[in-house]
Structures are given as structure tokens and as C-alpha cells.
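The structure file data.pdb is reproduced below (PDB, C-alpha atoms).
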ATOM      1  CA  MET A   1     -88.018 155.519-105.828
ATOM      2  CA  LYS A   2     -85.254 153.438-104.286
ATOM      3  CA  PHE A   3     -85.285 152.935-100.527
ATOM      4  CA  ALA A   4     -82.421 152.093 -98.188
ATOM      5  CA  LEU A   5     -82.645 150.846 -94.625
ATOM      6  CA  CYS A   6     -80.253 152.234 -92.029
ATOM      7  CA  ASN A   7     -78.529 149.053 -90.957
ATOM      8  CA  GLU A   8     -78.387 149.715 -87.207
ATOM      9  CA  VAL A   9     -82.123 148.961 -87.195
ATOM     10  CA  LEU A  10     -81.046 145.323 -87.703
ATOM     11  CA  LYS A  11     -77.788 145.560 -85.739
ATOM     12  CA  ALA A  12     -78.633 142.454 -83.694
ATOM     13  CA  LEU A  13     -78.083 140.429 -86.882
ATOM     14  CA  PRO A  14     -74.752 139.636 -88.564
ATOM     15  CA  PHE A  15     -74.098 141.844 -91.593
ATOM     16  CA  PRO A  16     -74.889 139.161 -94.217
ATOM     17  CA  GLU A  17     -78.210 138.513 -92.493
ATOM     18  CA  GLN A  18     -78.953 142.257 -92.395
ATOM     19  CA  CYS A  19     -78.490 142.290 -96.162
ATOM     20  CA  ARG A  20     -80.653 139.212 -96.693
ATOM     21  CA  VAL A  21     -83.480 140.535 -94.508
ATOM     22  CA  ALA A  22     -83.397 144.021 -96.045
ATOM     23  CA  ALA A  23     -83.640 142.553 -99.539
ATOM     24  CA  ALA A  24     -86.429 140.176 -98.509
ATOM     25  CA  LEU A  25     -88.423 143.075 -97.053
ATOM     26  CA  GLY A  26     -88.119 145.026-100.300
ATOM     27  CA  TYR A  27     -85.315 147.492 -99.641
ATOM     28  CA  ASP A  28     -82.878 148.320-102.405
ATOM     29  CA  ALA A  29     -79.921 149.131-100.183
ATOM     30  CA  LEU A  30     -78.444 149.458 -96.716
ATOM     31  CA  GLU A  31     -77.192 152.784 -95.379
ATOM     32  CA  VAL A  32     -74.429 151.675 -93.047
ATOM     33  CA  ALA A  33     -73.339 153.019 -89.663
ATOM     34  CA  PRO A  34     -69.589 152.229 -89.543
ATOM     35  CA  PHE A  35     -69.625 151.407 -85.817
ATOM     36  CA  THR A  36     -71.853 148.400 -86.607
ATOM     37  CA  LEU A  37     -69.089 146.896 -88.747
ATOM     38  CA  ALA A  38     -66.178 147.264 -86.311
ATOM     39  CA  ALA A  39     -65.586 148.516 -82.779
ATOM     40  CA  ASP A  40     -63.168 150.980 -84.395
ATOM     41  CA  PRO A  41     -64.003 151.585 -88.067
ATOM     42  CA  MET A  42     -60.408 152.713 -88.604
ATOM     43  CA  ASP A  43     -59.456 149.042 -88.309
ATOM     44  CA  ILE A  44     -61.435 148.175 -91.463
ATOM     45  CA  ALA A  45     -58.973 147.375 -94.241
ATOM     46  CA  ASP A  46     -59.570 148.153 -97.905
ATOM     47  CA  SER A  47     -60.059 144.455 -98.619
ATOM     48  CA  GLN A  48     -62.677 144.173 -95.864
ATOM     49  CA  ALA A  49     -64.569 147.178 -97.216
ATOM     50  CA  ARG A  50     -64.696 145.593-100.658
ATOM     51  CA  GLU A  51     -65.886 142.360 -99.057
ATOM     52  CA  PHE A  52     -68.783 144.159 -97.361
ATOM     53  CA  ALA A  53     -69.795 145.452-100.799
ATOM     54  CA  ARG A  54     -69.561 141.969-102.279
ATOM     55  CA  VAL A  55     -71.634 140.428 -99.476
ATOM     56  CA  ALA A  56     -74.328 143.067 -99.898
ATOM     57  CA  ARG A  57     -74.568 142.483-103.648
ATOM     58  CA  GLU A  58     -74.624 138.728-103.141
ATOM     59  CA  HIS A  59     -77.669 139.108-100.888
ATOM     60  CA  GLY A  60     -79.547 141.425-103.241
ATOM     61  CA  VAL A  61     -78.830 144.923-101.940
ATOM     62  CA  GLU A  62     -76.175 147.600-102.329
ATOM     63  CA  ILE A  63     -74.457 149.768 -99.753
ATOM     64  CA  SER A  64     -75.827 153.183-100.628
ATOM     65  CA  GLY A  65     -73.767 155.244 -98.179
ATOM     66  CA  LEU A  66     -72.570 155.753 -94.602
ATOM     67  CA  HIS A  67     -74.048 157.642 -91.649
ATOM     68  CA  TRP A  68     -73.499 158.023 -87.858
ATOM     69  CA  LEU A  69     -69.896 158.710 -88.758
ATOM     70  CA  LEU A  70     -68.155 159.791 -85.551
ATOM     71  CA  VAL A  71     -69.620 157.440 -82.946
ATOM     72  CA  ALA A  72     -66.398 155.423 -82.944
ATOM     73  CA  PRO A  73     -63.604 155.765 -82.112
ATOM     74  CA  ALA A  74     -64.731 157.592 -78.972
ATOM     75  CA  GLY A  75     -63.924 161.182 -78.109
ATOM     76  CA  LEU A  76     -63.919 162.825 -81.540
ATOM     77  CA  SER A  77     -64.843 166.472 -82.153
ATOM     78  CA  ILE A  78     -64.763 168.852 -85.108
ATOM     79  CA  VAL A  79     -65.329 171.935 -82.906
ATOM     80  CA  SER A  80     -62.875 171.421 -80.050
ATOM     81  CA  SER A  81     -60.222 174.059 -79.383
ATOM     82  CA  ASP A  82     -57.752 171.151 -79.274
ATOM     83  CA  GLY A  83     -56.180 171.236 -82.727
ATOM     84  CA  ALA A  84     -54.711 167.739 -82.440
ATOM     85  CA  LEU A  85     -58.159 166.329 -81.638
ATOM     86  CA  ARG A  86     -59.688 168.098 -84.624
ATOM     87  CA  GLN A  87     -56.902 166.761 -86.812
ATOM     88  CA  ARG A  88     -57.558 163.215 -85.596
ATOM     89  CA  SER A  89     -61.298 163.641 -86.145
ATOM     90  CA  THR A  90     -60.675 164.931 -89.665
ATOM     91  CA  ALA A  91     -58.472 161.927 -90.410
ATOM     92  CA  VAL A  92     -61.322 159.635 -89.320
ATOM     93  CA  MET A  93     -63.753 161.485 -91.594
ATOM     94  CA  GLN A  94     -61.374 161.208 -94.530
ATOM     95  CA  ARG A  95     -60.865 157.497 -93.965
ATOM     96  CA  LEU A  96     -64.612 156.955 -93.775
ATOM     97  CA  VAL A  97     -64.913 158.698 -97.142
ATOM     98  CA  GLU A  98     -62.432 156.200 -98.570
ATOM     99  CA  LEU A  99     -64.284 153.276 -96.997
ATOM    100  CA  CYS A 100     -67.598 154.523 -98.375
ATOM    101  CA  ALA A 101     -66.174 154.562-101.895
ATOM    102  CA  LEU A 102     -64.625 151.099-101.440
ATOM    103  CA  MET A 103     -68.015 149.746-100.306
ATOM    104  CA  GLY A 104     -69.702 151.176-103.380
ATOM    105  CA  GLY A 105     -71.472 153.939-101.461
ATOM    106  CA  ARG A 106     -72.266 157.289-103.033
ATOM    107  CA  TYR A 107     -72.706 159.580-100.012
ATOM    108  CA  LEU A 108     -71.908 160.094 -96.331
ATOM    109  CA  VAL A 109     -74.280 161.722 -93.837
ATOM    110  CA  HIS A 110     -72.524 163.745 -91.137
ATOM    111  CA  GLY A 111     -74.926 163.992 -88.223
ATOM    112  CA  SER A 112     -72.777 163.245 -85.154
ATOM    113  CA  PRO A 113     -74.417 165.901 -82.932
ATOM    114  CA  LYS A 114     -72.271 165.442 -79.830
ATOM    115  CA  GLN A 115     -69.091 165.747 -81.868
ATOM    116  CA  ARG A 116     -70.122 169.114 -83.330
ATOM    117  CA  SER A 117     -71.985 170.842 -80.473
ATOM    118  CA  VAL A 118     -70.514 174.131 -79.243
ATOM    119  CA  PRO A 119     -68.139 173.410 -76.326
ATOM    120  CA  PRO A 120     -68.863 175.148 -72.992
ATOM    121  CA  GLY A 121     -67.357 178.614 -72.892
ATOM    122  CA  GLU A 122     -66.909 178.755 -76.679
ATOM    123  CA  THR A 123     -68.803 180.905 -79.171
ATOM    124  CA  ARG A 124     -70.960 179.501 -81.939
ATOM    125  CA  ALA A 125     -68.935 181.436 -84.508
ATOM    126  CA  ALA A 126     -65.660 179.873 -83.363
ATOM    127  CA  ALA A 127     -67.181 176.383 -83.306
ATOM    128  CA  LEU A 128     -68.654 176.833 -86.770
ATOM    129  CA  GLU A 129     -65.341 177.981 -88.220
ATOM    130  CA  ARG A 130     -63.531 174.967 -86.775
ATOM    131  CA  ALA A 131     -66.249 172.672 -88.118
ATOM    132  CA  ARG A 132     -65.951 174.341 -91.528
ATOM    133  CA  GLU A 133     -62.227 173.586 -91.708
ATOM    134  CA  CYS A 134     -62.743 169.908 -90.832
ATOM    135  CA  LEU A 135     -65.668 169.483 -93.199
ATOM    136  CA  ALA A 136     -63.814 171.213 -96.036
ATOM    137  CA  ALA A 137     -60.994 168.692 -95.643
ATOM    138  CA  ALA A 138     -63.514 165.823 -95.759
ATOM    139  CA  ALA A 139     -65.055 167.386 -98.877
ATOM    140  CA  ARG A 140     -61.668 167.453-100.623
ATOM    141  CA  THR A 141     -61.256 163.727 -99.975
ATOM    142  CA  ALA A 142     -64.851 163.085-101.060
ATOM    143  CA  GLN A 143     -64.196 164.831-104.368
ATOM    144  CA  GLN A 144     -61.100 162.678-104.924
ATOM    145  CA  CYS A 145     -63.117 159.524-104.149
ATOM    146  CA  GLY A 146     -66.177 160.436-106.203
ATOM    147  CA  VAL A 147     -68.693 160.572-103.335
ATOM    148  CA  ILE A 148     -70.775 163.314-101.689
ATOM    149  CA  TYR A 149     -70.245 164.398 -98.081
ATOM    150  CA  CYS A 150     -73.502 165.716 -96.553
ATOM    151  CA  ILE A 151     -73.816 167.826 -93.419
ATOM    152  CA  GLU A 152     -77.093 166.944 -91.694
ATOM    153  CA  PRO A 153     -79.247 169.643 -90.067
ATOM    154  CA  LEU A 154     -80.404 168.305 -86.697
ATOM    155  CA  SER A 155     -82.835 169.493 -84.034
ATOM    156  CA  ILE A 156     -81.826 171.779 -81.197
ATOM    157  CA  ALA A 157     -82.566 168.878 -78.851
ATOM    158  CA  GLU A 158     -79.525 167.104 -80.347
ATOM    159  CA  THR A 159     -77.069 169.895 -81.108
ATOM    160  CA  ASP A 160     -76.797 173.680 -81.078
ATOM    161  CA  LEU A 161     -74.878 173.872 -84.356
ATOM    162  CA  LEU A 162     -76.567 173.700 -87.794
ATOM    163  CA  ASN A 163     -80.242 173.125 -87.078
ATOM    164  CA  THR A 164     -81.966 174.090 -90.331
ATOM    165  CA  VAL A 165     -81.480 173.464 -94.016
ATOM    166  CA  GLU A 166     -80.891 177.193 -94.529
ATOM    167  CA  GLU A 167     -78.018 177.187 -92.032
ATOM    168  CA  ALA A 168     -76.547 174.074 -93.636
ATOM    169  CA  VAL A 169     -76.804 175.589 -97.125
ATOM    170  CA  GLU A 170     -74.881 178.650 -95.916
ATOM    171  CA  LEU A 171     -72.074 176.312 -94.860
ATOM    172  CA  VAL A 172     -72.271 174.393 -98.144
ATOM    173  CA  GLN A 173     -71.893 177.647-100.059
ATOM    174  CA  ALA A 174     -69.008 178.773 -97.838
ATOM    175  CA  ILE A 175     -67.094 175.544 -98.469
ATOM    176  CA  GLY A 176     -67.940 175.650-102.163
ATOM    177  CA  SER A 177     -67.078 172.075-103.064
ATOM    178  CA  PRO A 178     -69.058 170.004-105.592
ATOM    179  CA  ALA A 179     -68.569 167.066-103.208
ATOM    180  CA  PHE A 180     -70.082 168.823-100.176
ATOM    181  CA  SER A 181     -73.830 169.151 -99.758
ATOM    182  CA  THR A 182     -76.622 168.914 -97.224
ATOM    183  CA  MET A 183     -79.694 166.732 -96.820
ATOM    184  CA  ILE A 184     -83.147 166.545 -95.257
ATOM    185  CA  ASP A 185     -83.901 164.361 -92.264
ATOM    186  CA  CYS A 186     -87.693 164.399 -91.920
ATOM    187  CA  SER A 187     -87.672 163.939 -88.144
ATOM    188  CA  ALA A 188     -85.303 166.844 -87.518
ATOM    189  CA  ALA A 189     -86.904 169.038 -90.182
ATOM    190  CA  GLY A 190     -90.342 168.345 -88.751
ATOM    191  CA  GLN A 191     -89.132 169.747 -85.441
ATOM    192  CA  MET A 192     -87.108 172.721 -86.705
ATOM    193  CA  GLU A 193     -88.387 174.031 -90.032
ATOM    194  CA  ARG A 194     -91.095 176.654 -90.467
ATOM    195  CA  GLU A 195     -92.600 174.963 -93.537
ATOM    196  CA  ASP A 196     -93.733 171.419 -94.161
ATOM    197  CA  ILE A 197     -91.299 168.890 -95.626
ATOM    198  CA  ALA A 198     -92.784 168.863 -99.129
ATOM    199  CA  ALA A 199     -92.500 172.664 -99.346
ATOM    200  CA  LEU A 200     -88.979 172.479 -97.934
ATOM    201  CA  MET A 201     -88.006 170.042-100.683
ATOM    202  CA  ARG A 202     -89.540 172.163-103.417
ATOM    203  CA  ARG A 203     -87.679 175.214-102.117
ATOM    204  CA  TRP A 204     -84.232 173.715-101.694
ATOM    205  CA  MET A 205     -83.876 170.788-104.104
ATOM    206  CA  PRO A 206     -83.817 173.003-107.220
ATOM    207  CA  THR A 207     -80.692 174.686-105.773
ATOM    208  CA  GLY A 208     -78.746 171.425-106.096
ATOM    209  CA  HIS A 209     -77.696 171.541-102.435
ATOM    210  CA  ILE A 210     -79.848 168.584-101.258
ATOM    211  CA  ALA A 211     -78.111 165.272-101.956
ATOM    212  CA  HIS A 212     -79.982 162.900 -99.648
ATOM    213  CA  VAL A 213     -83.212 162.330 -97.711
ATOM    214  CA  GLN A 214     -83.908 160.273 -94.601
ATOM    215  CA  VAL A 215     -87.521 159.467 -93.743
ATOM    216  CA  ASN A 216     -88.654 159.197 -90.133
ATOM    217  CA  ASP A 217     -91.277 160.805 -87.928
ATOM    218  CA  PRO A 218     -90.613 163.676 -85.491
ATOM    219  CA  ASN A 219     -91.528 161.182 -82.754
ATOM    220  CA  ARG A 220     -88.351 159.332 -83.865
ATOM    221  CA  ARG A 221     -90.221 156.254 -85.071
ATOM    222  CA  GLY A 222     -90.436 155.006 -88.625
ATOM    223  CA  PRO A 223     -92.508 156.680 -91.335
ATOM    224  CA  GLY A 224     -96.191 155.946 -90.803
ATOM    225  CA  GLN A 225     -95.813 155.524 -87.039
ATOM    226  CA  GLY A 226     -96.568 159.124 -86.112
ATOM    227  CA  ASN A 227     -98.449 162.216 -87.206
ATOM    228  CA  MET A 228     -96.281 163.249 -90.160
ATOM    229  CA  ARG A 229     -97.961 162.642 -93.526
ATOM    230  CA  PHE A 230     -95.542 161.069 -95.982
ATOM    231  CA  ALA A 231     -97.745 160.993 -99.097
ATOM    232  CA  PRO A 232     -97.034 164.687 -99.850
ATOM    233  CA  ILE A 233     -93.336 164.075 -99.150
ATOM    234  CA  LEU A 234     -93.143 161.174-101.612
ATOM    235  CA  GLU A 235     -95.108 163.175-104.175
ATOM    236  CA  ALA A 236     -92.624 166.046-103.853
ATOM    237  CA  LEU A 237     -89.705 163.619-104.146
ATOM    238  CA  HIS A 238     -91.084 162.112-107.355
ATOM    239  CA  GLU A 239     -91.717 165.595-108.712
ATOM    240  CA  MET A 240     -88.142 166.657-107.944
ATOM    241  CA  LYS A 241     -86.747 163.417-109.356
ATOM    242  CA  SER A 242     -88.725 163.790-112.589
ATOM    243  CA  ALA A 243     -87.400 167.344-112.922
ATOM    244  CA  GLY A 244     -83.829 166.138-112.469
ATOM    245  CA  GLN A 245     -83.528 168.015-109.181
ATOM    246  CA  TYR A 246     -83.082 165.011-106.895
ATOM    247  CA  HIS A 247     -80.890 162.053-107.765
ATOM    248  CA  GLY A 248     -80.516 160.303-104.436
ATOM    249  CA  ILE A 249     -81.946 157.319-102.640
ATOM    250  CA  VAL A 250     -84.359 157.652 -99.684
ATOM    251  CA  ALA A 251     -83.207 156.074 -96.426
ATOM    252  CA  VAL A 252     -85.478 154.813 -93.645
ATOM    253  CA  GLU A 253     -83.957 155.865 -90.302
ATOM    254  CA  PRO A 254     -86.100 155.260 -87.228
ATOM    255  CA  PHE A 255     -84.534 155.654 -83.787
ATOM    256  CA  ASP A 256     -87.347 154.175 -81.694
ATOM    257  CA  TYR A 257     -88.030 150.688 -83.047
ATOM    258  CA  LEU A 258     -91.660 149.689 -82.583
ATOM    259  CA  PRO A 259     -92.342 146.852 -81.956
ATOM    260  CA  ASP A 260     -88.680 145.971 -82.619
ATOM    261  CA  GLY A 261     -86.064 146.485 -85.328
ATOM    262  CA  MET A 262     -87.459 143.890 -87.701
ATOM    263  CA  GLY A 263     -91.046 145.032 -87.178
ATOM    264  CA  SER A 264     -90.124 148.689 -87.637
ATOM    265  CA  ALA A 265     -88.219 147.963 -90.861
ATOM    266  CA  ALA A 266     -91.034 145.850 -92.269
ATOM    267  CA  ARG A 267     -93.766 148.349 -91.439
ATOM    268  CA  ALA A 268     -91.821 151.263 -92.923
ATOM    269  CA  ILE A 269     -91.172 149.714 -96.332
ATOM    270  CA  GLY A 270     -94.723 148.377 -96.576
ATOM    271  CA  TYR A 271     -96.114 151.814 -95.755
ATOM    272  CA  LEU A 272     -93.855 153.626 -98.220
ATOM    273  CA  ARG A 273     -94.446 151.174-101.097
ATOM    274  CA  GLY A 274     -98.179 151.325-100.404
ATOM    275  CA  LEU A 275     -98.127 155.117-100.632
ATOM    276  CA  GLU A 276     -96.216 154.915-103.895
ATOM    277  CA  GLU A 277     -98.836 152.579-105.327
ATOM    278  CA  ALA A 278    -101.654 154.849-104.163
ATOM    279  CA  LEU A 279     -99.894 157.850-105.706
ATOM    280  CA  GLY A 280     -99.453 156.012-109.000
ATOM    281  CA  HIS A 281     -95.666 155.669-108.754
ATOM    282  CA  ALA A 282     -95.416 151.939-108.098
TER     283      ALA A 282
END
Render the structure in this file as C-alpha cells.
Amino acid sequence: MKFALCNEVLKALPFPEQCRVAAALGYDALEVAPFTLAADPMDIADSQAREFARVAREHGVEISGLHWLLVAPAGLSIVSSDGALRQRSTAVMQRLVELCALMGGRYLVHGSPKQRSVPPGETRAAALERARECLAAAARTAQQCGVIYCIEPLSIAETDLLNTVEEAVELVQAIGSPAFSTMIDCSAAGQMEREDIAALMRRWMPTGHIAHVQVNDPNRRGPGQGNMRFAPILEALHEMKSAGQYHGIVAVEPFDYLPDGMGSAARAIGYLRGLEEALGHA
């Protein structure tokens, strides 16, 4: 199994150093949050995006994809009743798709809970329809660029729109694009789903709608720093991969870095590789 590290875990370091450290720790890739590369990711030129890819390769990792997409520029929304704002937000999403492809990434993870939560006084149905239009436009660009755009189910503590894999799959089916999918974030799924993560994977991965997995604990720390058991999750992932039902990388995405970013990143990859060895997949 290939593992990526979400690069904001090492955001105190310059990008080349993030790449060097991630490779030295044993990660195969970085999953990049665009706001860590520029105050406004829309200012990143094509040539700069290609340079980020080159720097990553030079230091022994790849850029696997992008996440935390709508943090910057500020004020974006895919559910607002303001059509001009939705149009601007869609343009940002489409540009991020292009940047992902230029950086050599294969997927984008659309979490961005604040930018998709139902506005006060609005209905969930209206918000979901507006989100569908924006995400369908991003999916069209993703198909042109050869990448996958993933909507991320998140916990109700973060957003009131799209909280389970089932809800996300309904949206995926409604949009009906081969470049639009969903994914499993273990922290969010551990809070929201009725079944354990391994069972969730075995239920949904055969449908072809799961394009990515992020590993983290429901306590928002790295894998192995909470009560969630990741051995069954890795076993299910290997089973799905062997069956040709999962083709993605697995990204480590803690939010609470204990003892710090470097320590969290190191502990996570050591824990995951150790589980793989114990399971006979090393």
C-alpha cells in the first residue's frame, strides 16, 4: 500500500523540506493543501505547478492529489444564493483541478465544510442542488484533465450537508460523471457511519464510487493515537486492492498533531507500516 502525508502537517517547513522529510519518514507522496503553497492558490502559474511536481520528485515523493480546496481565497461558497459567488467558487475549483493535473496529482478531495454548509434560512434541498451544479462543473473539468474529483462526507460537527458515504454516493450517481466520486475519511466515518470502517469499505468499494481514503482517528489525531483499530481497515484495503476494487493511495490526515507535526507524521507511518508487516503485507 502506498501512503501519502497531508502536507499541512509539516506546513512550518518550506515545501522542498516537506518533501525531503516525508520521503525520509517513509511516505510515498504528499497530498497537498493549496493554501500552503500560496496565499491565493489562483496566483499559482502553470510553470510553478510543474515546478512543485519536479521538486517533489527530486526529493523522492510525488504529489498524489489536492485537498482543503476552498480555504483560500476567502469567502467562497458552493451553496450560496449569490450566483456570482457560486460562479467564482466554481472557477476556483476548476483551476485547482488544472493545477492538480499539472502537479502530477490524480485526485482532489472536496471537504471544505464551511463553504458547503446550508446557509441560514435556506433549505437543505436548495443548498444541495446548488452544490450539485458547482460540483458537476468541477467534474467536467476533472474529466478533461484526467483526474478524479471526490466529494468528502464529513461529520455533522463540521457541516450539515453530505455526512455519510451513502449520501455522497447519491450525489455521485446524480452527477453521473466518471471523473466524480467520493471517498472515506476514517475520522468522519467513525463519527457518522453505522458500521465499522472495514465493513463500510467492503460495502461501497465494489461499487466503484470510492476513489480515495484518508486515515485518522475520530479524536482527530493520527492513526494509532486513539481508539480506532486500523489493522482491520488495512486488511480490508488490501482485500479491495487485490480484487481490483480500490486503486488509490491512502493519505494520513491528522488534525491534532501530537506531540507536533513531525512527531505525528513519524508515528503514523511507523504504526501503519508495522501493521502491514504484522498482517503479512510488508
Listing only residues of stretch 140-182 of chain A within 12 Å of stretch 54-68 of chain A, what is the closest atom pair and its distance in Å (to one decimal) for each, using all atoms listed in the file, sorted by chain and residue number ascending, as a tab-separated table?
residue	atom	partner	partner_atom	distance
A:Val147	CA	A:Gly65	CA	9.0
A:Ile148	CA	A:Gly65	CA	9.3
A:Tyr149	CA	A:Leu66	CA	9.6
A:Cys150	CA	A:His67	CA	9.5
A:Ile151	CA	A:His67	CA	10.3
A:Glu152	CA	A:His67	CA	9.8
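With distances restricted to only C-alpha atoms, A:Pro153 is the closest residue to A:Val109 from A:Gly280, A:Gly83, A:Pro223, A:Pro153.
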Result set, the PyMOL selection byres ((chain A and resi 15-28) around 12) on current file, as an MDAnalysis selection string:
chainID A and resid 1:14 29:34 36:38 51:64 249:252 261:274
Include C-alpha atoms and write out the residues we just selected as a CSV table (one decimal), keeping the file's coordinate frame.
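File again-v6.csv, as written:
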chain,number,residue,atom,x,y,z
A,1,MET,CA,-88.0,155.5,-105.8
A,2,LYS,CA,-85.3,153.4,-104.3
A,3,PHE,CA,-85.3,152.9,-100.5
A,4,ALA,CA,-82.4,152.1,-98.2
A,5,LEU,CA,-82.6,150.8,-94.6
A,6,CYS,CA,-80.3,152.2,-92.0
A,7,ASN,CA,-78.5,149.1,-91.0
A,8,GLU,CA,-78.4,149.7,-87.2
A,9,VAL,CA,-82.1,149.0,-87.2
A,10,LEU,CA,-81.0,145.3,-87.7
A,11,LYS,CA,-77.8,145.6,-85.7
A,12,ALA,CA,-78.6,142.5,-83.7
A,13,LEU,CA,-78.1,140.4,-86.9
A,14,PRO,CA,-74.8,139.6,-88.6
A,29,ALA,CA,-79.9,149.1,-100.2
A,30,LEU,CA,-78.4,149.5,-96.7
A,31,GLU,CA,-77.2,152.8,-95.4
A,32,VAL,CA,-74.4,151.7,-93.0
A,33,ALA,CA,-73.3,153.0,-89.7
A,34,PRO,CA,-69.6,152.2,-89.5
A,36,THR,CA,-71.9,148.4,-86.6
A,37,LEU,CA,-69.1,146.9,-88.7
A,38,ALA,CA,-66.2,147.3,-86.3
A,51,GLU,CA,-65.9,142.4,-99.1
A,52,PHE,CA,-68.8,144.2,-97.4
A,53,ALA,CA,-69.8,145.5,-100.8
A,54,ARG,CA,-69.6,142.0,-102.3
A,55,VAL,CA,-71.6,140.4,-99.5
A,56,ALA,CA,-74.3,143.1,-99.9
A,57,ARG,CA,-74.6,142.5,-103.6
A,58,GLU,CA,-74.6,138.7,-103.1
A,59,HIS,CA,-77.7,139.1,-100.9
A,60,GLY,CA,-79.5,141.4,-103.2
A,61,VAL,CA,-78.8,144.9,-101.9
A,62,GLU,CA,-76.2,147.6,-102.3
A,63,ILE,CA,-74.5,149.8,-99.8
A,64,SER,CA,-75.8,153.2,-100.6
A,249,ILE,CA,-81.9,157.3,-102.6
A,250,VAL,CA,-84.4,157.7,-99.7
A,251,ALA,CA,-83.2,156.1,-96.4
A,252,VAL,CA,-85.5,154.8,-93.6
A,261,GLY,CA,-86.1,146.5,-85.3
A,262,MET,CA,-87.5,143.9,-87.7
A,263,GLY,CA,-91.0,145.0,-87.2
A,264,SER,CA,-90.1,148.7,-87.6
A,265,ALA,CA,-88.2,148.0,-90.9
A,266,ALA,CA,-91.0,145.8,-92.3
A,267,ARG,CA,-93.8,148.3,-91.4
A,268,ALA,CA,-91.8,151.3,-92.9
A,269,ILE,CA,-91.2,149.7,-96.3
A,270,GLY,CA,-94.7,148.4,-96.6
A,271,TYR,CA,-96.1,151.8,-95.8
A,272,LEU,CA,-93.9,153.6,-98.2
A,273,ARG,CA,-94.4,151.2,-101.1
A,274,GLY,CA,-98.2,151.3,-100.4
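The spacing separating atom CA of A:Glu193 from atom CA of A:Glu133 amounts to 26.2 Å.
From atom CA of A:Pro41 back to atom CA of A:Ser81, the distance works out to 24.4 Å.
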Non-local contacts of A:Lys241 (10 Å; all atoms listed in the file; under 6 positions in same chain excluded) as a list in words
Met1, Met205, Glu235, His247 and Gly248 of chain A
Tell me which of A:Met240, A:Leu96, A:Ala84, A:Ile197 sits closest to A:Cys145, counting only C-alpha atoms.
A:Leu96
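The result of the PyMOL selection byres ((chain A and resi 119) around 12) on the shown file is Ser77, Ile78, Val79, Ser80, Ser81, Asp82, Pro113, Lys114, Gln115, Arg116, Ser117, Val118, Pro120, Gly121, Glu122, Thr123, Arg124, Ala125, Ala126, Ala127, Leu128, Arg130, Ala131, Thr159, Asp160 and Leu161 of chain A.
Counting all atoms listed in the file, the residue from A:Asp196, A:Glu170, A:Asp185, A:Glu129 that sits nearest to A:Ala211 is A:Asp185.
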In file coordinates, which residues lie within 12 Å of (-80.8, 177.6, -92.9) using only C-alpha atoms, given as a ChimeraX atom specification?
/A:152-154,161-173,182-184,189,192-194,200,203-204,209
Exactly which residues make up the result of the PyMOL selection byres ((chain A and resi 233) around 10) on this file, given as a VMD selection string?
chain A and resid 186 196 to 202 215 228 to 232 234 to 239
Same residues, C-alpha atoms, saved as a PDB file, keeping the file's coordinate frame:
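Once everything was written out, this is selection_13.pdb:
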ATOM      1  CA  CYS A 186     -87.693 164.399 -91.920  1.00  0.00           C
ATOM      2  CA  ASP A 196     -93.733 171.419 -94.161  1.00  0.00           C
ATOM      3  CA  ILE A 197     -91.299 168.890 -95.626  1.00  0.00           C
ATOM      4  CA  ALA A 198     -92.784 168.863 -99.129  1.00  0.00           C
ATOM      5  CA  ALA A 199     -92.500 172.664 -99.346  1.00  0.00           C
ATOM      6  CA  LEU A 200     -88.979 172.479 -97.934  1.00  0.00           C
ATOM      7  CA  MET A 201     -88.006 170.042-100.683  1.00  0.00           C
ATOM      8  CA  ARG A 202     -89.540 172.163-103.417  1.00  0.00           C
ATOM      9  CA  VAL A 215     -87.521 159.467 -93.743  1.00  0.00           C
ATOM     10  CA  MET A 228     -96.281 163.249 -90.160  1.00  0.00           C
ATOM     11  CA  ARG A 229     -97.961 162.642 -93.526  1.00  0.00           C
ATOM     12  CA  PHE A 230     -95.542 161.069 -95.982  1.00  0.00           C
ATOM     13  CA  ALA A 231     -97.745 160.993 -99.097  1.00  0.00           C
ATOM     14  CA  PRO A 232     -97.034 164.687 -99.850  1.00  0.00           C
ATOM     15  CA  LEU A 234     -93.143 161.174-101.612  1.00  0.00           C
ATOM     16  CA  GLU A 235     -95.108 163.175-104.175  1.00  0.00           C
ATOM     17  CA  ALA A 236     -92.624 166.046-103.853  1.00  0.00           C
ATOM     18  CA  LEU A 237     -89.705 163.619-104.146  1.00  0.00           C
ATOM     19  CA  HIS A 238     -91.084 162.112-107.355  1.00  0.00           C
ATOM     20  CA  GLU A 239     -91.717 165.595-108.712  1.00  0.00           C
TER      21      GLU A 239
END
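Rounded to one decimal, atom CA of A:Phe180 and atom CA of A:Gln143 lie 8.3 Å from each other.
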My structure is short of atoms at stretch 78-89 of chain A; please model N, CA and C atoms there, returning them as a short mmCIF file (atom, residue, chain, number, x, y, z; two decimals), in the frame of the given file.
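Generated output (selection.cif):
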data_model
loop_
_atom_site.label_atom_id
_atom_site.label_comp_id
_atom_site.auth_asym_id
_atom_site.auth_seq_id
_atom_site.Cartn_x
_atom_site.Cartn_y
_atom_site.Cartn_z
N ILE A 78 -65.20 167.95 -84.03
CA ILE A 78 -64.76 168.85 -85.11
C ILE A 78 -64.87 170.31 -84.67
N VAL A 79 -65.18 170.56 -83.41
CA VAL A 79 -65.33 171.94 -82.91
C VAL A 79 -64.44 172.22 -81.70
N SER A 80 -63.72 171.24 -81.23
CA SER A 80 -62.88 171.42 -80.05
C SER A 80 -61.78 172.45 -80.32
N SER A 81 -61.37 173.13 -79.27
CA SER A 81 -60.22 174.06 -79.38
C SER A 81 -58.90 173.30 -79.45
N ASP A 82 -58.93 172.01 -79.21
CA ASP A 82 -57.75 171.15 -79.27
C ASP A 82 -57.47 170.80 -80.74
N GLY A 83 -56.47 171.43 -81.32
CA GLY A 83 -56.18 171.24 -82.73
C GLY A 83 -55.82 169.81 -83.07
N ALA A 84 -55.09 169.13 -82.18
CA ALA A 84 -54.71 167.74 -82.44
C ALA A 84 -55.94 166.84 -82.50
N LEU A 85 -56.93 167.12 -81.63
CA LEU A 85 -58.16 166.33 -81.64
C LEU A 85 -58.94 166.57 -82.93
N ARG A 86 -59.00 167.81 -83.37
CA ARG A 86 -59.69 168.10 -84.62
C ARG A 86 -58.98 167.42 -85.79
N GLN A 87 -57.66 167.41 -85.75
CA GLN A 87 -56.90 166.76 -86.81
C GLN A 87 -57.18 165.27 -86.84
N ARG A 88 -57.25 164.65 -85.66
CA ARG A 88 -57.56 163.22 -85.60
C ARG A 88 -58.97 162.96 -86.10
N SER A 89 -59.91 163.80 -85.71
CA SER A 89 -61.30 163.64 -86.14
C SER A 89 -61.41 163.78 -87.66
#
